Amino acid sequence: MRPTAPIIPLLAKELREITAGRALWTMLLLVCPLVGYSFVQAVSLYSASSAAALQSPVLARSLSPLDGILVPTFGSFYVAVTLLFPFVAIRVLGQEKESGALRLLVQLPYRTSTLIAAKLCAVLAAWVMVSIPALSALFVWAILGGHLAAPETLNLLFGHLLYGLLAGAIGLFAAVISDNSATAAIIALAVTIGSWVLDFAFAGRSGLSAWLAELSLTQTLRPFEQGLLSAGLVLGIAAVIGGLIAMTIVWLPPGTPVRAKIIRSVSSVLVIAAGLGVATQIRASVDLSEDRRNSFSRADERLLATLRRPLVIRVNLAAEDPRYIDLRRNVLAKLERVMPDVTIVLASERPNVADPSDDYGQIEYVYDDRTDVSRSTSPREILPLLYALAGVQPPTSSVGEDYPGYPLVISADAALLWFFGGLPVLIALAWRRIRGAPPDKGSLVHQGDKP
């Protein structure tokens, strides 16, 4: 059995390595103005909408800080993580591989899995550091008097954490299969930017195109941005991260033949495929949005949960039809979350303009042995139809469930001084202090001065 050694020195070494390079600090400096400008613009638009909403409670209900502030601010952070964070993760392995220190590292009394686990911890620490500008935007918003709902805010942060680990795992795997950091960067960007192409090319389509669109990295964040915590999505992301890390472990030892590594990687690919397959079958999710945008009223949900018979919904609409998108968002997705047995059949045919009797646009609901048809996409008309099919009385409307909204007329222009001046200066000082610190003589692998 291979001897083991304490993991603390290894973790310290990895953290020291990732904070000694330019990639992490350069990304931090670039994220500051990017996030800061997005935040100030989001506050400006939110304030303009609030000015009108203060005069009308109906308009105020549509003002959610999640949509108006958090999602735009973290949207810019998402772009930075997609384009820049793989470079930070690549450095964790690429520097050692190019200098030859990796051959010494694998000879230390650590398992290969322990070495990769330590590097993944360093990647996680790097993500926490680069998220400082986005996290500071939350504090600025709170200081300005803005509202933050803890469940939906933490859910959004959790989604971006998973996305950051996914981008880091892609960077690590790209580094371990490449001869140099430049090639690894090209591979990582090909994956991340290629996922955008999938999203734009196949969004709103059905069949195989819809399945390919689901592989886009952009899809991983959308439920979190809507305040939804999906067990299937979390499992799918975890399966991909775990599979990439497993393949990184396989490809790390320098002396193993490439053919043997490829054969061993097949099992990891199968695990990823199995995890994604299982994840698609899991419908369990929690609506953490404060305005309950992903749910019906609590009274409706309690009644719908008691309808145990199979419900089949045949939608005679194309997947890209705006009516189907509305129906999916307002009714179908909510029914799938609350009812135990829902089957949705989507007819992809387009309307036949030559046939005036075409039934395009009809939606057929079959519950037990009863059937009804509607063209509406509104839950106000569809829920009574379902209750009639089930032979139950609609619930009484609940009082006090209306979302109040949080209008706020405020200017955040002064925050630009923090994002363009104060925070970058603090980052530069921290970078200089760490670069000026004396090297640790007890380093596990001495690599000389860092560039």
# chains A, B, ... in the order shown; residues from 1 in each chain; ligands from 1

call {"tool": "select_by_dssp", "arguments": {"residues": "range 282-406 of chain A", "states": "alpha helix (DSSP H)", "output": "JSON, numbers by chain"}}
result
{"A": [298, 299, 300, 301, 302, 303, 304, 322, 323, 324, 325, 326, 327, 333, 334, 335, 336, 337, 338, 379, 380, 381, 382, 383, 384, 385, 386, 387, 388, 389, 390]}

call {"tool": "residues_around", "arguments": {"residues": "range 176-182 of chain A", "least_positions_apart": "4", "cutoff": "7 Å", "atoms": "only C-alpha atoms", "output": "PyMOL selection string"}}
result
chain A and resi 90+93-94+98+172+186+248+251-252

call {"tool": "write_last_selection", "arguments": {"atoms": "N, CA and C atoms", "output": "mmCIF file, in the first residue's frame"}}
result
data_model
loop_
_atom_site.group_PDB
_atom_site.id
_atom_site.type_symbol
_atom_site.label_atom_id
_atom_site.label_comp_id
_atom_site.auth_asym_id
_atom_site.auth_seq_id
_atom_site.Cartn_x
_atom_site.Cartn_y
_atom_site.Cartn_z
ATOM 1 N N ILE A 90 -6.511 26.226 -15.082
ATOM 2 C CA ILE A 90 -5.456 25.583 -15.872
ATOM 3 C C ILE A 90 -4.092 25.781 -15.222
ATOM 4 N N LEU A 93 -2.529 23.126 -12.746
ATOM 5 C CA LEU A 93 -1.803 21.963 -13.265
ATOM 6 C C LEU A 93 -0.799 22.327 -14.354
ATOM 7 N N GLY A 94 -1.145 23.320 -15.172
ATOM 8 C CA GLY A 94 -0.318 23.632 -16.328
ATOM 9 C C GLY A 94 1.080 24.071 -15.976
ATOM 10 N N GLU A 98 4.430 22.054 -17.289
ATOM 11 C CA GLU A 98 5.412 22.662 -18.178
ATOM 12 C C GLU A 98 6.805 22.695 -17.556
ATOM 13 N N LEU A 172 -9.194 21.989 -15.364
ATOM 14 C CA LEU A 172 -8.254 20.980 -14.875
ATOM 15 C C LEU A 172 -8.085 19.842 -15.883
ATOM 16 N N ILE A 186 -7.177 26.722 -25.196
ATOM 17 C CA ILE A 186 -7.981 26.592 -26.410
ATOM 18 C C ILE A 186 -9.055 25.533 -26.223
ATOM 19 N N THR A 248 -9.557 13.381 -14.882
ATOM 20 C CA THR A 248 -8.318 14.100 -14.567
ATOM 21 C C THR A 248 -7.385 13.224 -13.748
ATOM 22 N N TRP A 251 -5.750 10.703 -16.088
ATOM 23 C CA TRP A 251 -4.750 11.255 -17.007
ATOM 24 C C TRP A 251 -3.570 11.926 -16.310
ATOM 25 N N LEU A 252 -3.587 12.051 -14.987
ATOM 26 C CA LEU A 252 -2.517 12.779 -14.296
ATOM 27 C C LEU A 252 -1.168 12.062 -14.328
#

call {"tool": "residues_around", "arguments": {"residues": "range 142-159 of chain A", "least_positions_apart": "2", "cutoff": "9 Å", "atoms": "only C-alpha atoms", "output": "NGL selection string"}}
result
:A and (64-66 or 70-71 or 74 or 137-140 or 161-164 or 220-229 or 234 or 287-290 or 406-408 or 410-412)

call {"tool": "write_last_selection", "arguments": {"atoms": "N, CA and C atoms", "output": "tab-separated table (two decimals), in the first residue's frame"}}
result
chain	number	residue	atom	x	y	z
A	64	SER	N	-38.99	42.74	-8.63
A	64	SER	CA	-38.28	41.77	-7.80
A	64	SER	C	-36.79	42.05	-7.87
A	65	PRO	N	-36.11	42.21	-6.74
A	65	PRO	CA	-34.65	42.39	-6.77
A	65	PRO	C	-33.91	41.22	-7.41
A	66	LEU	N	-34.51	40.04	-7.38
A	66	LEU	CA	-33.87	38.89	-8.02
A	66	LEU	C	-33.71	39.15	-9.51
A	70	LEU	N	-30.03	41.14	-8.89
A	70	LEU	CA	-29.13	40.01	-8.70
A	70	LEU	C	-28.76	39.33	-10.01
A	71	VAL	N	-29.76	39.00	-10.82
A	71	VAL	CA	-29.47	38.28	-12.06
A	71	VAL	C	-28.62	39.11	-13.01
A	74	PHE	N	-24.94	39.29	-11.41
A	74	PHE	CA	-24.23	38.01	-11.50
A	74	PHE	C	-24.16	37.51	-12.93
A	137	ALA	N	-21.24	43.69	-4.34
A	137	ALA	CA	-22.40	44.37	-4.91
A	137	ALA	C	-23.65	44.11	-4.08
A	138	LEU	N	-23.76	42.90	-3.50
A	138	LEU	CA	-24.90	42.61	-2.62
A	138	LEU	C	-24.87	43.49	-1.38
A	139	PHE	N	-23.68	43.69	-0.81
A	139	PHE	CA	-23.57	44.54	0.37
A	139	PHE	C	-23.89	45.99	0.03
A	140	VAL	N	-23.44	46.44	-1.14
A	140	VAL	CA	-23.75	47.82	-1.55
A	140	VAL	C	-25.26	47.99	-1.72
A	161	LEU	N	-21.84	28.89	-7.71
A	161	LEU	CA	-20.76	28.07	-7.17
A	161	LEU	C	-20.63	26.77	-7.97
A	162	LEU	N	-21.74	26.10	-8.23
A	162	LEU	CA	-21.69	24.88	-9.03
A	162	LEU	C	-21.15	25.16	-10.42
A	163	TYR	N	-21.56	26.28	-11.00
A	163	TYR	CA	-21.07	26.62	-12.33
A	163	TYR	C	-19.56	26.89	-12.30
A	164	GLY	N	-19.09	27.57	-11.24
A	164	GLY	CA	-17.67	27.83	-11.12
A	164	GLY	C	-16.86	26.55	-10.98
A	220	THR	N	-27.42	25.54	-17.04
A	220	THR	CA	-27.22	25.18	-15.64
A	220	THR	C	-27.63	26.30	-14.69
A	221	LEU	N	-27.60	27.53	-15.16
A	221	LEU	CA	-27.88	28.67	-14.28
A	221	LEU	C	-29.32	29.16	-14.35
A	222	ARG	N	-30.03	28.85	-15.41
A	222	ARG	CA	-31.36	29.44	-15.59
A	222	ARG	C	-32.34	29.08	-14.48
A	223	PRO	N	-32.44	27.82	-14.05
A	223	PRO	CA	-33.36	27.55	-12.93
A	223	PRO	C	-32.98	28.32	-11.66
A	224	PHE	N	-31.70	28.43	-11.37
A	224	PHE	CA	-31.27	29.18	-10.18
A	224	PHE	C	-31.64	30.65	-10.31
A	225	GLU	N	-31.56	31.19	-11.52
A	225	GLU	CA	-31.93	32.58	-11.74
A	225	GLU	C	-33.43	32.80	-11.60
A	226	GLN	N	-34.21	31.74	-11.69
A	226	GLN	CA	-35.65	31.82	-11.48
A	226	GLN	C	-36.05	31.45	-10.05
A	227	GLY	N	-35.07	31.23	-9.19
A	227	GLY	CA	-35.36	30.91	-7.80
A	227	GLY	C	-35.73	29.46	-7.57
A	228	LEU	N	-35.37	28.58	-8.51
A	228	LEU	CA	-35.74	27.18	-8.42
A	228	LEU	C	-34.51	26.33	-8.10
A	229	LEU	N	-34.63	25.51	-7.06
A	229	LEU	CA	-33.58	24.55	-6.71
A	229	LEU	C	-34.03	23.18	-7.15
A	234	VAL	N	-28.98	19.65	-9.94
A	234	VAL	CA	-27.81	19.56	-9.06
A	234	VAL	C	-27.11	18.22	-9.24
A	287	ASP	N	-39.21	25.59	-4.83
A	287	ASP	CA	-39.35	26.97	-5.29
A	287	ASP	C	-38.91	27.90	-4.17
A	288	LEU	N	-37.74	28.50	-4.32
A	288	LEU	CA	-37.20	29.39	-3.30
A	288	LEU	C	-37.40	30.87	-3.64
A	289	SER	N	-38.07	31.16	-4.74
A	289	SER	CA	-38.32	32.55	-5.10
A	289	SER	C	-39.35	33.15	-4.14
A	290	GLU	N	-39.13	34.37	-3.76
A	290	GLU	CA	-40.03	35.03	-2.80
A	290	GLU	C	-41.41	35.26	-3.40
A	406	TYR	N	-40.82	45.35	-4.36
A	406	TYR	CA	-39.92	46.19	-3.55
A	406	TYR	C	-39.37	47.33	-4.40
A	407	PRO	N	-40.22	48.32	-4.72
A	407	PRO	CA	-39.72	49.47	-5.48
A	407	PRO	C	-38.75	50.30	-4.64
A	408	LEU	N	-37.74	50.81	-5.29
A	408	LEU	CA	-36.74	51.63	-4.61
A	408	LEU	C	-36.14	52.60	-5.63
A	410	ILE	N	-33.32	55.03	-6.16
A	410	ILE	CA	-32.01	55.31	-5.58
A	410	ILE	C	-30.99	55.36	-6.70
A	411	SER	N	-29.91	56.06	-6.46
A	411	SER	CA	-28.80	56.12	-7.41
A	411	SER	C	-27.60	55.39	-6.83
A	412	ALA	N	-26.96	54.57	-7.65
A	412	ALA	CA	-25.78	53.83	-7.21
A	412	ALA	C	-24.52	54.31	-7.92

call {"tool": "atom_distance", "arguments": {"atom1": "CA of Arg314 in chain A", "atom2": "CA of Leu386 in chain A"}}
result
13.7 Å

call {"tool": "residues_around", "arguments": {"residues": "range 7-11 of chain A", "least_positions_apart": "4", "cutoff": "12 Å", "atoms": "only C-alpha atoms", "output": "PyMOL selection string"}}
result
chain A and resi 15-18+92+105-106+108-111+113-125+440+442-445

call {"tool": "decode", "arguments": {"residues": "range 270-307 of chain A", "atoms": "N, CA and C atoms", "output": "mmCIF file, in the first residue's frame"}}
result
data_model
loop_
_atom_site.group_PDB
_atom_site.id
_atom_site.type_symbol
_atom_site.label_atom_id
_atom_site.label_comp_id
_atom_site.auth_asym_id
_atom_site.auth_seq_id
_atom_site.Cartn_x
_atom_site.Cartn_y
_atom_site.Cartn_z
ATOM 1 N N LEU A 270 -19.093 6.850 -18.969
ATOM 2 C CA LEU A 270 -20.329 6.110 -18.708
ATOM 3 C C LEU A 270 -20.995 6.593 -17.426
ATOM 4 N N VAL A 271 -20.186 6.919 -16.399
ATOM 5 C CA VAL A 271 -20.747 7.441 -15.156
ATOM 6 C C VAL A 271 -21.427 8.787 -15.399
ATOM 7 N N ILE A 272 -20.795 9.648 -16.201
ATOM 8 C CA ILE A 272 -21.404 10.937 -16.527
ATOM 9 C C ILE A 272 -22.727 10.732 -17.261
ATOM 10 N N ALA A 273 -22.724 9.834 -18.254
ATOM 11 C CA ALA A 273 -23.948 9.581 -19.011
ATOM 12 C C ALA A 273 -25.044 9.015 -18.116
ATOM 13 N N ALA A 274 -24.671 8.085 -17.226
ATOM 14 C CA ALA A 274 -25.666 7.510 -16.321
ATOM 15 C C ALA A 274 -26.199 8.568 -15.359
ATOM 16 N N GLY A 275 -25.309 9.408 -14.846
ATOM 17 C CA GLY A 275 -25.752 10.471 -13.942
ATOM 18 C C GLY A 275 -26.692 11.443 -14.616
ATOM 19 N N LEU A 276 -26.384 11.808 -15.857
ATOM 20 C CA LEU A 276 -27.273 12.715 -16.593
ATOM 21 C C LEU A 276 -28.606 12.040 -16.896
ATOM 22 N N GLY A 277 -28.553 10.729 -17.203
ATOM 23 C CA GLY A 277 -29.797 10.012 -17.464
ATOM 24 C C GLY A 277 -30.700 9.960 -16.244
ATOM 25 N N VAL A 278 -30.101 9.692 -15.090
ATOM 26 C CA VAL A 278 -30.885 9.663 -13.849
ATOM 27 C C VAL A 278 -31.403 11.060 -13.517
ATOM 28 N N ALA A 279 -30.569 12.065 -13.745
ATOM 29 C CA ALA A 279 -30.957 13.442 -13.405
ATOM 30 C C ALA A 279 -32.172 13.893 -14.198
ATOM 31 N N THR A 280 -32.280 13.450 -15.452
ATOM 32 C CA THR A 280 -33.425 13.860 -16.265
ATOM 33 C C THR A 280 -34.736 13.255 -15.771
ATOM 34 N N GLN A 281 -34.662 12.187 -14.984
ATOM 35 C CA GLN A 281 -35.864 11.534 -14.476
ATOM 36 C C GLN A 281 -36.299 12.065 -13.116
ATOM 37 N N ILE A 282 -35.480 12.900 -12.509
ATOM 38 C CA ILE A 282 -35.799 13.435 -11.180
ATOM 39 C C ILE A 282 -36.511 14.772 -11.333
ATOM 40 N N ARG A 283 -37.715 14.862 -10.828
ATOM 41 C CA ARG A 283 -38.498 16.090 -10.947
ATOM 42 C C ARG A 283 -38.553 16.886 -9.648
ATOM 43 N N ALA A 284 -38.008 16.336 -8.577
ATOM 44 C CA ALA A 284 -38.084 17.009 -7.278
ATOM 45 C C ALA A 284 -37.380 18.354 -7.340
ATOM 46 N N SER A 285 -38.051 19.389 -6.861
ATOM 47 C CA SER A 285 -37.482 20.731 -6.859
ATOM 48 C C SER A 285 -38.175 21.559 -5.782
ATOM 49 N N VAL A 286 -37.518 22.632 -5.410
ATOM 50 C CA VAL A 286 -38.044 23.532 -4.382
ATOM 51 C C VAL A 286 -38.074 24.939 -4.948
ATOM 52 N N ASP A 287 -39.210 25.593 -4.834
ATOM 53 C CA ASP A 287 -39.352 26.971 -5.295
ATOM 54 C C ASP A 287 -38.913 27.903 -4.169
ATOM 55 N N LEU A 288 -37.744 28.502 -4.320
ATOM 56 C CA LEU A 288 -37.199 29.393 -3.302
ATOM 57 C C LEU A 288 -37.402 30.866 -3.642
ATOM 58 N N SER A 289 -38.072 31.158 -4.742
ATOM 59 C CA SER A 289 -38.321 32.550 -5.096
ATOM 60 C C SER A 289 -39.347 33.148 -4.136
ATOM 61 N N GLU A 290 -39.132 34.372 -3.755
ATOM 62 C CA GLU A 290 -40.028 35.026 -2.801
ATOM 63 C C GLU A 290 -41.406 35.263 -3.404
ATOM 64 N N ASP A 291 -41.479 35.498 -4.706
ATOM 65 C CA ASP A 291 -42.780 35.747 -5.342
ATOM 66 C C ASP A 291 -43.448 34.464 -5.834
ATOM 67 N N ARG A 292 -42.858 33.312 -5.544
ATOM 68 C CA ARG A 292 -43.430 32.009 -5.905
ATOM 69 C C ARG A 292 -43.787 31.948 -7.394
ATOM 70 N N ARG A 293 -42.878 32.403 -8.224
ATOM 71 C CA ARG A 293 -43.130 32.441 -9.668
ATOM 72 C C ARG A 293 -43.179 31.052 -10.291
ATOM 73 N N ASN A 294 -42.591 30.081 -9.618
ATOM 74 C CA ASN A 294 -42.556 28.723 -10.156
ATOM 75 C C ASN A 294 -43.657 27.833 -9.598
ATOM 76 N N SER A 295 -44.606 28.420 -8.883
ATOM 77 C CA SER A 295 -45.625 27.617 -8.204
ATOM 78 C C SER A 295 -46.999 28.241 -8.363
ATOM 79 N N PHE A 296 -48.009 27.378 -8.238
ATOM 80 C CA PHE A 296 -49.370 27.866 -8.094
ATOM 81 C C PHE A 296 -49.564 28.328 -6.650
ATOM 82 N N SER A 297 -50.747 28.823 -6.349
ATOM 83 C CA SER A 297 -51.025 29.186 -4.958
ATOM 84 C C SER A 297 -50.950 27.940 -4.080
ATOM 85 N N ARG A 298 -50.711 28.146 -2.804
ATOM 86 C CA ARG A 298 -50.557 27.010 -1.887
ATOM 87 C C ARG A 298 -51.832 26.170 -1.835
ATOM 88 N N ALA A 299 -52.993 26.818 -1.910
ATOM 89 C CA ALA A 299 -54.256 26.075 -1.886
ATOM 90 C C ALA A 299 -54.389 25.207 -3.139
ATOM 91 N N ASP A 300 -54.032 25.757 -4.298
ATOM 92 C CA ASP A 300 -54.086 24.977 -5.532
ATOM 93 C C ASP A 300 -53.104 23.811 -5.481
ATOM 94 N N GLU A 301 -51.909 24.039 -4.951
ATOM 95 C CA GLU A 301 -50.916 22.977 -4.913
ATOM 96 C C GLU A 301 -51.342 21.838 -3.987
ATOM 97 N N ARG A 302 -51.957 22.193 -2.867
ATOM 98 C CA ARG A 302 -52.425 21.136 -1.959
ATOM 99 C C ARG A 302 -53.486 20.271 -2.625
ATOM 100 N N LEU A 303 -54.379 20.906 -3.386
ATOM 101 C CA LEU A 303 -55.435 20.146 -4.048
ATOM 102 C C LEU A 303 -54.884 19.335 -5.229
ATOM 103 N N LEU A 304 -54.008 19.933 -6.021
ATOM 104 C CA LEU A 304 -53.440 19.228 -7.167
ATOM 105 C C LEU A 304 -52.617 18.020 -6.733
ATOM 106 N N ALA A 305 -51.966 18.106 -5.589
ATOM 107 C CA ALA A 305 -51.157 16.987 -5.094
ATOM 108 C C ALA A 305 -52.009 15.776 -4.748
ATOM 109 N N THR A 306 -53.302 15.981 -4.532
ATOM 110 C CA THR A 306 -54.191 14.855 -4.207
ATOM 111 C C THR A 306 -54.733 14.154 -5.444
ATOM 112 N N LEU A 307 -54.497 14.716 -6.627
ATOM 113 C CA LEU A 307 -54.988 14.122 -7.875
ATOM 114 C C LEU A 307 -53.982 13.063 -8.334
#
